[in-house]
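> The structure file model-v7.tsv (TSV, C-alpha atoms) is provided below.
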```tsv
chain	number	residue	atom	x	y	z
A	2	MET	CA	14.67	-13.43	14.03
A	3	SER	CA	17.23	-14.87	11.65
A	4	VAL	CA	19.01	-18.15	12.02
A	5	PRO	CA	21.71	-19.86	9.96
A	6	ARG	CA	20.21	-21.93	7.16
A	7	GLY	CA	20.12	-25.59	8.08
A	8	MET	CA	20.19	-24.88	11.84
A	9	LEU	CA	16.60	-23.70	12.17
A	10	ASP	CA	15.24	-26.62	14.14
A	11	HIS	CA	17.54	-26.42	17.16
A	12	MET	CA	18.27	-22.69	17.25
A	13	TYR	CA	14.87	-21.17	16.55
A	14	ARG	CA	11.53	-22.28	17.94
A	15	GLU	CA	8.14	-20.63	17.88
A	16	TRP	CA	4.70	-21.42	19.25
A	17	PRO	CA	1.27	-19.73	19.22
A	18	SER	CA	0.59	-16.99	21.74
A	19	ARG	CA	-2.53	-16.53	23.82
A	20	ILE	CA	-2.61	-13.04	22.30
A	21	GLY	CA	-4.59	-13.38	19.08
A	22	GLY	CA	-2.41	-13.64	15.98
A	23	ALA	CA	0.85	-13.28	17.91
A	24	VAL	CA	3.74	-15.76	18.06
A	25	VAL	CA	6.14	-16.48	20.91
A	26	TRP	CA	9.60	-17.44	19.75
A	27	ALA	CA	13.05	-18.21	21.11
A	28	HIS	CA	16.47	-18.12	19.47
A	29	SER	CA	18.86	-19.89	21.79
A	30	ALA	CA	22.21	-20.58	20.15
A	31	ALA	CA	25.09	-18.36	19.14
A	32	PHE	CA	26.44	-18.78	15.62
A	33	GLN	CA	29.29	-17.62	13.45
A	34	GLY	CA	28.64	-15.33	10.50
A	35	GLU	CA	26.15	-12.69	9.50
A	36	GLY	CA	22.39	-13.06	9.57
A	37	ARG	CA	19.54	-10.94	8.33
A	38	VAL	CA	16.06	-10.28	9.61
A	39	LEU	CA	13.69	-9.57	6.73
A	40	PRO	CA	10.75	-7.15	6.67
A	41	ASP	CA	7.52	-8.88	7.66
A	42	GLY	CA	5.14	-6.07	8.65
A	43	CYS	CA	5.43	-7.05	12.33
A	44	MET	CA	6.81	-5.56	15.53
A	45	ASP	CA	8.33	-7.56	18.41
A	46	LEU	CA	8.79	-7.25	22.15
A	47	LEU	CA	12.15	-8.89	22.94
A	48	TRP	CA	13.82	-10.21	26.08
A	49	TRP	CA	17.47	-9.66	25.15
A	50	ASP	CA	20.46	-9.78	27.54
A	51	GLY	CA	18.23	-9.17	30.53
A	52	ALA	CA	16.43	-6.18	29.02
A	53	LEU	CA	13.12	-5.51	27.33
A	54	VAL	CA	13.72	-4.28	23.78
A	55	VAL	CA	11.38	-3.13	21.02
A	56	ALA	CA	11.96	-4.21	17.41
A	57	GLY	CA	10.16	-1.79	15.11
A	58	PRO	CA	8.82	-2.59	11.64
A	59	ASP	CA	11.57	-3.13	9.09
A	60	THR	CA	11.53	-1.72	5.58
A	61	ARG	CA	14.79	-3.45	4.64
A	62	ALA	CA	16.91	-6.34	5.83
A	63	HIS	CA	18.31	-5.86	9.32
A	64	LEU	CA	21.80	-7.41	9.54
A	65	PHE	CA	23.39	-8.82	12.67
A	66	SER	CA	26.50	-10.82	13.49
A	67	GLY	CA	27.24	-13.72	15.78
A	68	ALA	CA	30.08	-15.96	16.83
A	69	PRO	CA	30.45	-19.09	18.96
A	70	GLY	CA	30.02	-18.23	22.62
A	71	SER	CA	29.00	-14.65	21.84
A	72	GLY	CA	26.11	-14.61	24.29
A	73	GLY	CA	22.80	-16.07	25.37
A	74	GLY	CA	19.61	-16.36	23.45
A	75	ILE	CA	16.76	-14.03	22.70
A	76	ALA	CA	13.07	-14.57	23.41
A	77	GLY	CA	10.40	-12.59	21.65
A	78	LEU	CA	6.72	-11.94	21.22
A	79	ARG	CA	5.95	-11.14	17.58
A	80	PHE	CA	2.72	-9.20	17.14
A	81	PRO	CA	0.60	-9.51	14.02
A	82	PRO	CA	0.76	-6.52	11.69
A	83	GLY	CA	-0.92	-3.49	13.24
A	84	THR	CA	-0.93	-4.69	16.88
A	85	GLY	CA	2.48	-3.41	18.02
A	86	PRO	CA	1.47	0.28	18.22
A	87	LEU	CA	-1.40	-0.61	20.57
A	88	VAL	CA	1.12	-2.26	22.91
A	89	PHE	CA	3.92	0.28	22.70
A	90	GLY	CA	1.73	3.36	22.59
A	91	VAL	CA	3.35	5.13	19.66
A	92	PRO	CA	2.66	5.14	15.90
A	93	ALA	CA	4.55	2.40	14.10
A	94	HIS	CA	6.33	4.81	11.75
A	95	GLU	CA	8.14	6.34	14.75
A	96	LEU	CA	9.80	2.95	15.39
A	97	ARG	CA	10.50	2.08	11.76
A	98	ASP	CA	13.85	0.25	11.26
A	99	GLN	CA	14.74	0.66	14.94
A	100	ARG	CA	15.77	-1.52	17.89
A	101	LEU	CA	15.48	0.40	21.15
A	102	PRO	CA	14.96	-0.22	24.89
A	103	LEU	CA	11.35	-0.36	26.04
A	104	GLY	CA	12.37	2.23	28.64
A	105	ALA	CA	12.68	4.76	25.83
A	106	LEU	CA	8.90	4.49	25.30
A	107	TRP	CA	7.52	3.70	28.76
A	108	PRO	CA	8.48	5.12	32.19
A	109	GLU	CA	11.94	3.78	32.99
A	110	ARG	CA	11.09	2.89	36.59
A	111	ALA	CA	8.14	0.75	35.48
A	112	VAL	CA	10.25	-0.99	32.82
A	113	ARG	CA	13.05	-1.71	35.33
A	114	ALA	CA	10.50	-3.31	37.65
A	115	LEU	CA	9.24	-5.49	34.81
A	116	GLU	CA	12.79	-6.50	33.87
A	117	GLU	CA	13.65	-7.39	37.45
A	118	ARG	CA	10.53	-9.52	37.78
A	119	ILE	CA	11.14	-11.35	34.50
A	120	ALA	CA	14.79	-11.98	35.41
A	121	ALA	CA	13.78	-13.40	38.79
A	122	GLU	CA	10.75	-15.46	37.77
A	123	ALA	CA	11.25	-16.55	34.14
A	124	GLN	CA	13.90	-19.25	34.03
A	125	THR	CA	12.73	-21.15	30.98
A	126	GLU	CA	11.74	-20.13	27.45
A	127	PRO	CA	8.01	-20.83	28.03
A	128	GLU	CA	8.10	-18.81	31.24
A	129	THR	CA	9.79	-15.92	29.45
A	130	GLY	CA	7.20	-16.12	26.69
A	131	ARG	CA	4.36	-16.00	29.23
A	132	ALA	CA	5.98	-13.00	30.92
A	133	LEU	CA	6.17	-11.12	27.61
A	134	GLU	CA	2.54	-12.02	26.92
A	135	ALA	CA	1.53	-10.65	30.32
A	136	VAL	CA	3.29	-7.36	29.60
A	137	ALA	CA	1.50	-7.01	26.27
A	138	ALA	CA	-1.91	-8.23	27.48
A	139	GLY	CA	-2.08	-5.50	30.09
A	140	ARG	CA	-1.59	-2.88	27.40
A	141	LEU	CA	-3.99	-4.39	24.88
A	142	GLU	CA	-6.98	-4.81	27.15
A	143	GLY	CA	-9.81	-2.67	25.81
A	144	ARG	CA	-7.66	-0.81	23.28
A	145	GLY	CA	-8.35	-0.26	19.59
A	146	ARG	CA	-10.56	-2.03	17.10
A	147	GLY	CA	-10.44	-5.78	16.86
A	148	PRO	CA	-8.12	-7.33	14.29
A	149	GLY	CA	-11.00	-8.53	12.16
A	150	SER	CA	-13.12	-5.39	12.36
A	151	ARG	CA	-13.85	-3.46	9.20
A	152	GLY	CA	-11.08	-0.89	8.89
A	153	GLY	CA	-8.99	-2.53	11.62
A	154	PRO	CA	-5.29	-3.19	10.92
A	155	GLY	CA	-5.87	-6.93	10.63
A	156	ALA	CA	-8.55	-6.45	7.99
A	157	VAL	CA	-6.34	-4.09	5.97
A	158	ALA	CA	-3.37	-6.47	6.15
A	159	GLU	CA	-5.51	-9.45	5.14
A	160	LEU	CA	-6.90	-7.66	2.09
A	161	LEU	CA	-3.43	-6.59	0.98
A	162	ARG	CA	-2.08	-10.08	1.64
A	163	HIS	CA	-4.62	-11.42	-0.84
A	164	GLY	CA	-3.47	-9.07	-3.57
A	165	ARG	CA	-6.20	-6.44	-3.43
A	166	SER	CA	-5.24	-3.04	-4.88
A	167	VAL	CA	-4.83	-0.02	-2.60
A	168	ALA	CA	-7.96	1.56	-4.12
A	169	ALA	CA	-9.96	-1.62	-3.53
A	170	VAL	CA	-8.76	-1.91	0.07
A	171	ALA	CA	-9.60	1.73	0.79
A	172	TYR	CA	-13.12	1.21	-0.58
A	173	GLU	CA	-13.56	-2.03	1.35
A	174	VAL	CA	-12.65	-0.49	4.73
A	175	GLY	CA	-14.46	2.80	4.13
A	176	LEU	CA	-11.47	5.14	3.86
A	177	SER	CA	-10.07	7.42	1.18
A	178	GLU	CA	-6.70	6.37	-0.21
A	179	ARG	CA	-5.06	9.26	1.67
A	180	GLN	CA	-6.73	8.19	4.92
A	181	LEU	CA	-5.67	4.60	4.30
A	182	ARG	CA	-2.06	5.69	3.87
A	183	ARG	CA	-2.10	7.60	7.18
A	184	HIS	CA	-3.76	4.63	8.85
A	185	CYS	CA	-1.09	2.27	7.51
A	186	LEU	CA	1.79	4.51	8.58
A	187	ASP	CA	0.44	4.57	12.13
A	188	ALA	CA	-0.45	0.87	12.27
A	189	PHE	CA	2.31	-0.78	10.22
A	190	GLY	CA	5.10	1.77	9.88
A	191	TYR	CA	4.79	2.18	6.12
A	192	GLY	CA	2.17	2.81	3.45
A	193	PRO	CA	-0.15	0.18	1.96
A	194	LYS	CA	1.93	-0.33	-1.19
A	195	THR	CA	5.04	-1.13	0.83
A	196	LEU	CA	3.08	-3.37	3.19
A	197	ALA	CA	1.68	-5.26	0.20
A	198	ARG	CA	5.20	-5.78	-1.17
A	199	VAL	CA	6.45	-7.04	2.21
A	200	LEU	CA	3.55	-9.45	2.66
A	201	ARG	CA	3.99	-10.76	-0.89
A	202	MET	CA	7.70	-11.33	-0.27
A	203	GLN	CA	6.95	-13.30	2.89
A	204	ARG	CA	4.51	-15.47	0.93
A	205	ALA	CA	7.13	-16.03	-1.75
A	206	LEU	CA	9.71	-17.09	0.83
A	207	ARG	CA	7.31	-19.57	2.41
A	208	LEU	CA	6.53	-21.07	-0.98
A	209	ALA	CA	10.21	-21.25	-1.93
A	210	SER	CA	11.12	-22.85	1.41
A	211	SER	CA	8.60	-25.61	0.69
A	212	GLY	CA	10.62	-26.55	-2.40
A	213	MET	CA	8.53	-24.81	-5.09
A	214	PRO	CA	10.63	-23.68	-8.10
A	215	ALA	CA	11.13	-19.94	-8.57
A	216	ALA	CA	8.86	-19.74	-11.61
A	217	GLY	CA	6.05	-21.35	-9.65
A	218	VAL	CA	6.69	-19.07	-6.68
A	219	ALA	CA	6.42	-16.00	-8.91
A	220	ALA	CA	3.07	-17.11	-10.30
A	221	ALA	CA	1.59	-18.26	-7.00
A	222	ALA	CA	2.70	-15.20	-5.02
A	223	GLY	CA	1.35	-12.72	-7.58
A	224	TYR	CA	4.48	-11.43	-9.31
A	225	ALA	CA	4.37	-10.50	-13.00
A	226	ASP	CA	7.11	-13.02	-13.78
A	227	GLN	CA	10.26	-14.58	-12.34
A	228	ALA	CA	12.34	-11.48	-13.11
A	229	HIS	CA	9.88	-9.35	-11.14
A	230	LEU	CA	10.16	-11.78	-8.22
A	231	SER	CA	13.97	-11.56	-8.31
A	232	ARG	CA	13.99	-7.75	-8.35
A	233	GLU	CA	11.54	-7.46	-5.48
A	234	ILE	CA	13.30	-10.01	-3.28
A	235	LYS	CA	16.68	-8.36	-3.85
A	236	ALA	CA	15.25	-4.88	-3.15
A	237	LEU	CA	13.58	-5.84	0.14
A	238	ALA	CA	15.90	-8.57	1.42
A	239	GLY	CA	19.23	-7.37	0.06
A	240	ALA	CA	20.01	-10.85	-1.28
A	241	PRO	CA	18.74	-13.10	-4.09
A	242	LEU	CA	16.11	-15.76	-3.48
A	243	GLY	CA	18.70	-18.47	-4.10
A	244	VAL	CA	20.76	-17.20	-1.16
A	245	LEU	CA	17.80	-16.80	1.17
A	246	VAL	CA	16.38	-20.22	0.29
A	247	PRO	CA	19.12	-22.43	-1.19
A	248	GLN	CA	17.93	-24.87	-3.84
A	249	GLY	CA	16.80	-28.14	-2.33
A	250	SER	CA	16.68	-26.83	1.25
A	251	GLY	CA	12.90	-26.59	1.46
A	252	ALA	CA	12.12	-30.23	0.87
A	253	LYS	CA	14.28	-31.23	3.85
A	254	ARG	CA	13.09	-28.56	6.29
A	255	SER	CA	10.63	-29.82	8.89
A	256	THR	CA	10.06	-26.36	10.40
A	257	PRO	CA	8.66	-23.54	8.25
A	258	LEU	CA	10.65	-20.40	7.63
A	259	PRO	CA	9.91	-18.07	10.56
A	260	SER	CA	8.32	-14.71	9.89
A	261	GLY	CA	10.99	-12.09	9.37
A	262	SER	CA	13.76	-14.63	8.92
A	263	ALA	CA	16.48	-15.33	6.41
A	264	THR	CA	19.96	-16.82	6.30
A	265	THR	CA	23.50	-16.20	7.31
A	266	ALA	CA	25.85	-14.92	4.65
```
Let me see whether you can do it: turn the structure in this file into structure tokens.

Amino acid sequence: MSVPRGMLDHMYREWPSRIGGAVVWAHSAAFQGEGRVLPDGCMDLLWWDGALVVAGPDTRAHLFSGAPGSGGGIAGLRFPPGTGPLVFGVPAHELRDQRLPLGALWPERAVRALEERIAAEAQTEPETGRALEAVAAGRLEGRGRGPGSRGGPGAVAELLRHGRSVAAVAYEVGLSERQLRRHCLDAFGYGPKTLARVLRMQRALRLASSGMPAAGVAAAAGYADQAHLSREIKALAGAPLGVLVPQGSGAKRSTPLPSGSATTA
């Protein structure tokens, strides 16, 4: 989730999950202004205002507002790309750019029971994280191909993350390009070309947040040049790189930019 730039350390925290490749996170403080969650190829299970909520894969920046005293925090379990559909039981493209109650996907009575148990038993952020993990673990047990298996979502995402072409990825995982596209829509919510763009943007943001100059970011992340970097960031994030990662902010940040995060306007 997004946090105001410069307030990352005390508003947003994340830690590894016992579910492979996932991250548990908590966003605890209200803020004033507008924030944006950026596409990251992931889906989240959220504990938000006493309810279980699904955050589908984003294809564009998701804006939200906050103000002092506007409410409590949010806890979440962020799944690695391709894992969310195994948990939620629907193809990722059906949840694209959506935030909806878990009860819209699972039997409402079962979801209410889960919500009541979490509300009664999870009083701290780690406890809430463990409760979300338990919900997901029960759904993942024995389902789907492993993340590292040939043709599995994790393998596809890793190849695209390393700059392989769609044709090369399809060949590597034993699919036609048309089959790969259908596979990606179901697993990630969008086709392989879009997923590659999203993963490249996330790499660029991590590099920029470390203090690397824009020209170096463009070269290291695989863009044709700095102008190409600027166009892609603006198209996917809705804001220039200089707004998302203000100059000089990276060198002072002790916590890395969270996946799917950005700044307040």
> Select, from A:Leu87, A:Ala197, A:Ala137, A:Val174, the residue with the minimum atom-to-atom distance to Asp41 (chain A), counting all atoms listed in the file.
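Of A:Leu87, A:Ala197, A:Ala137, A:Val174, the one nearest Asp41 (chain A) is A:Ala197, counting all atoms listed in the file.
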> Let me make sure I understand: among A:Leu181, A:Leu133, A:Leu39, A:Val54, which one has the smallest atom-to-atom distance to Leu237 (chain A) if we use only C-alpha atoms?
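Of A:Leu181, A:Leu133, A:Leu39, A:Val54, the one nearest Leu237 (chain A), counting only C-alpha atoms, is A:Leu39.
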> For region 107-111 of chain A, please output as an MDAnalysis selection string all residues within 12 Å (counting only C-alpha atoms; exclusion window: fewer than 3 positions along the same chain).
chainID A and resid 52:55 88:91 101:104 114:118 136 140
> For Met44 (chain A), which of A:Gly74, A:Gly239, A:Pro86, A:Gly22 is the closest residue, counting all atoms listed in the file?
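Of A:Gly74, A:Gly239, A:Pro86, A:Gly22, the one nearest Met44 (chain A), counting all atoms listed in the file, is A:Pro86.
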> Just the residues within 7 Å of Val25 (chain A), please, counting all atoms listed in the file, with nothing from its chain fewer than 5 positions along; format it as a ChimeraX atom specification.
/A:15-18,77-79,130
> For Gly155 (chain A), which of A:Ala215, A:Val112, A:Leu208, A:Cys43 is the closest residue, counting all atoms listed in the file?
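Of all the options, A:Cys43 lies closest to Gly155 (chain A).
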> To test the calculation: enclose all listed atoms of region 178-195 of chain A in a box whose edges run along x, y and z, add 3 Å on each side, then state centre and edge lengths in Å to one decimal, as JSON.

```
{"center_x": -0.8, "center_y": 4.1, "center_z": 5.5, "size_x": 17.8, "size_y": 16.4, "size_z": 19.5}
```
> Within 8 Å of Gly190 (chain A), counting all atoms listed in the file, which residues qualify if same-chain residues fewer than 2 places away don't, as an MDAnalysis selection string?
chainID A and resid 42 58 92:97 185:188 192
> Hey, which of A:Met12, A:Ala171, A:Pro40, A:Val157 ends up closest to Leu206 (chain A)? Count only C-alpha atoms.
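The answer is A:Pro40, which sits nearest to Leu206 (chain A).
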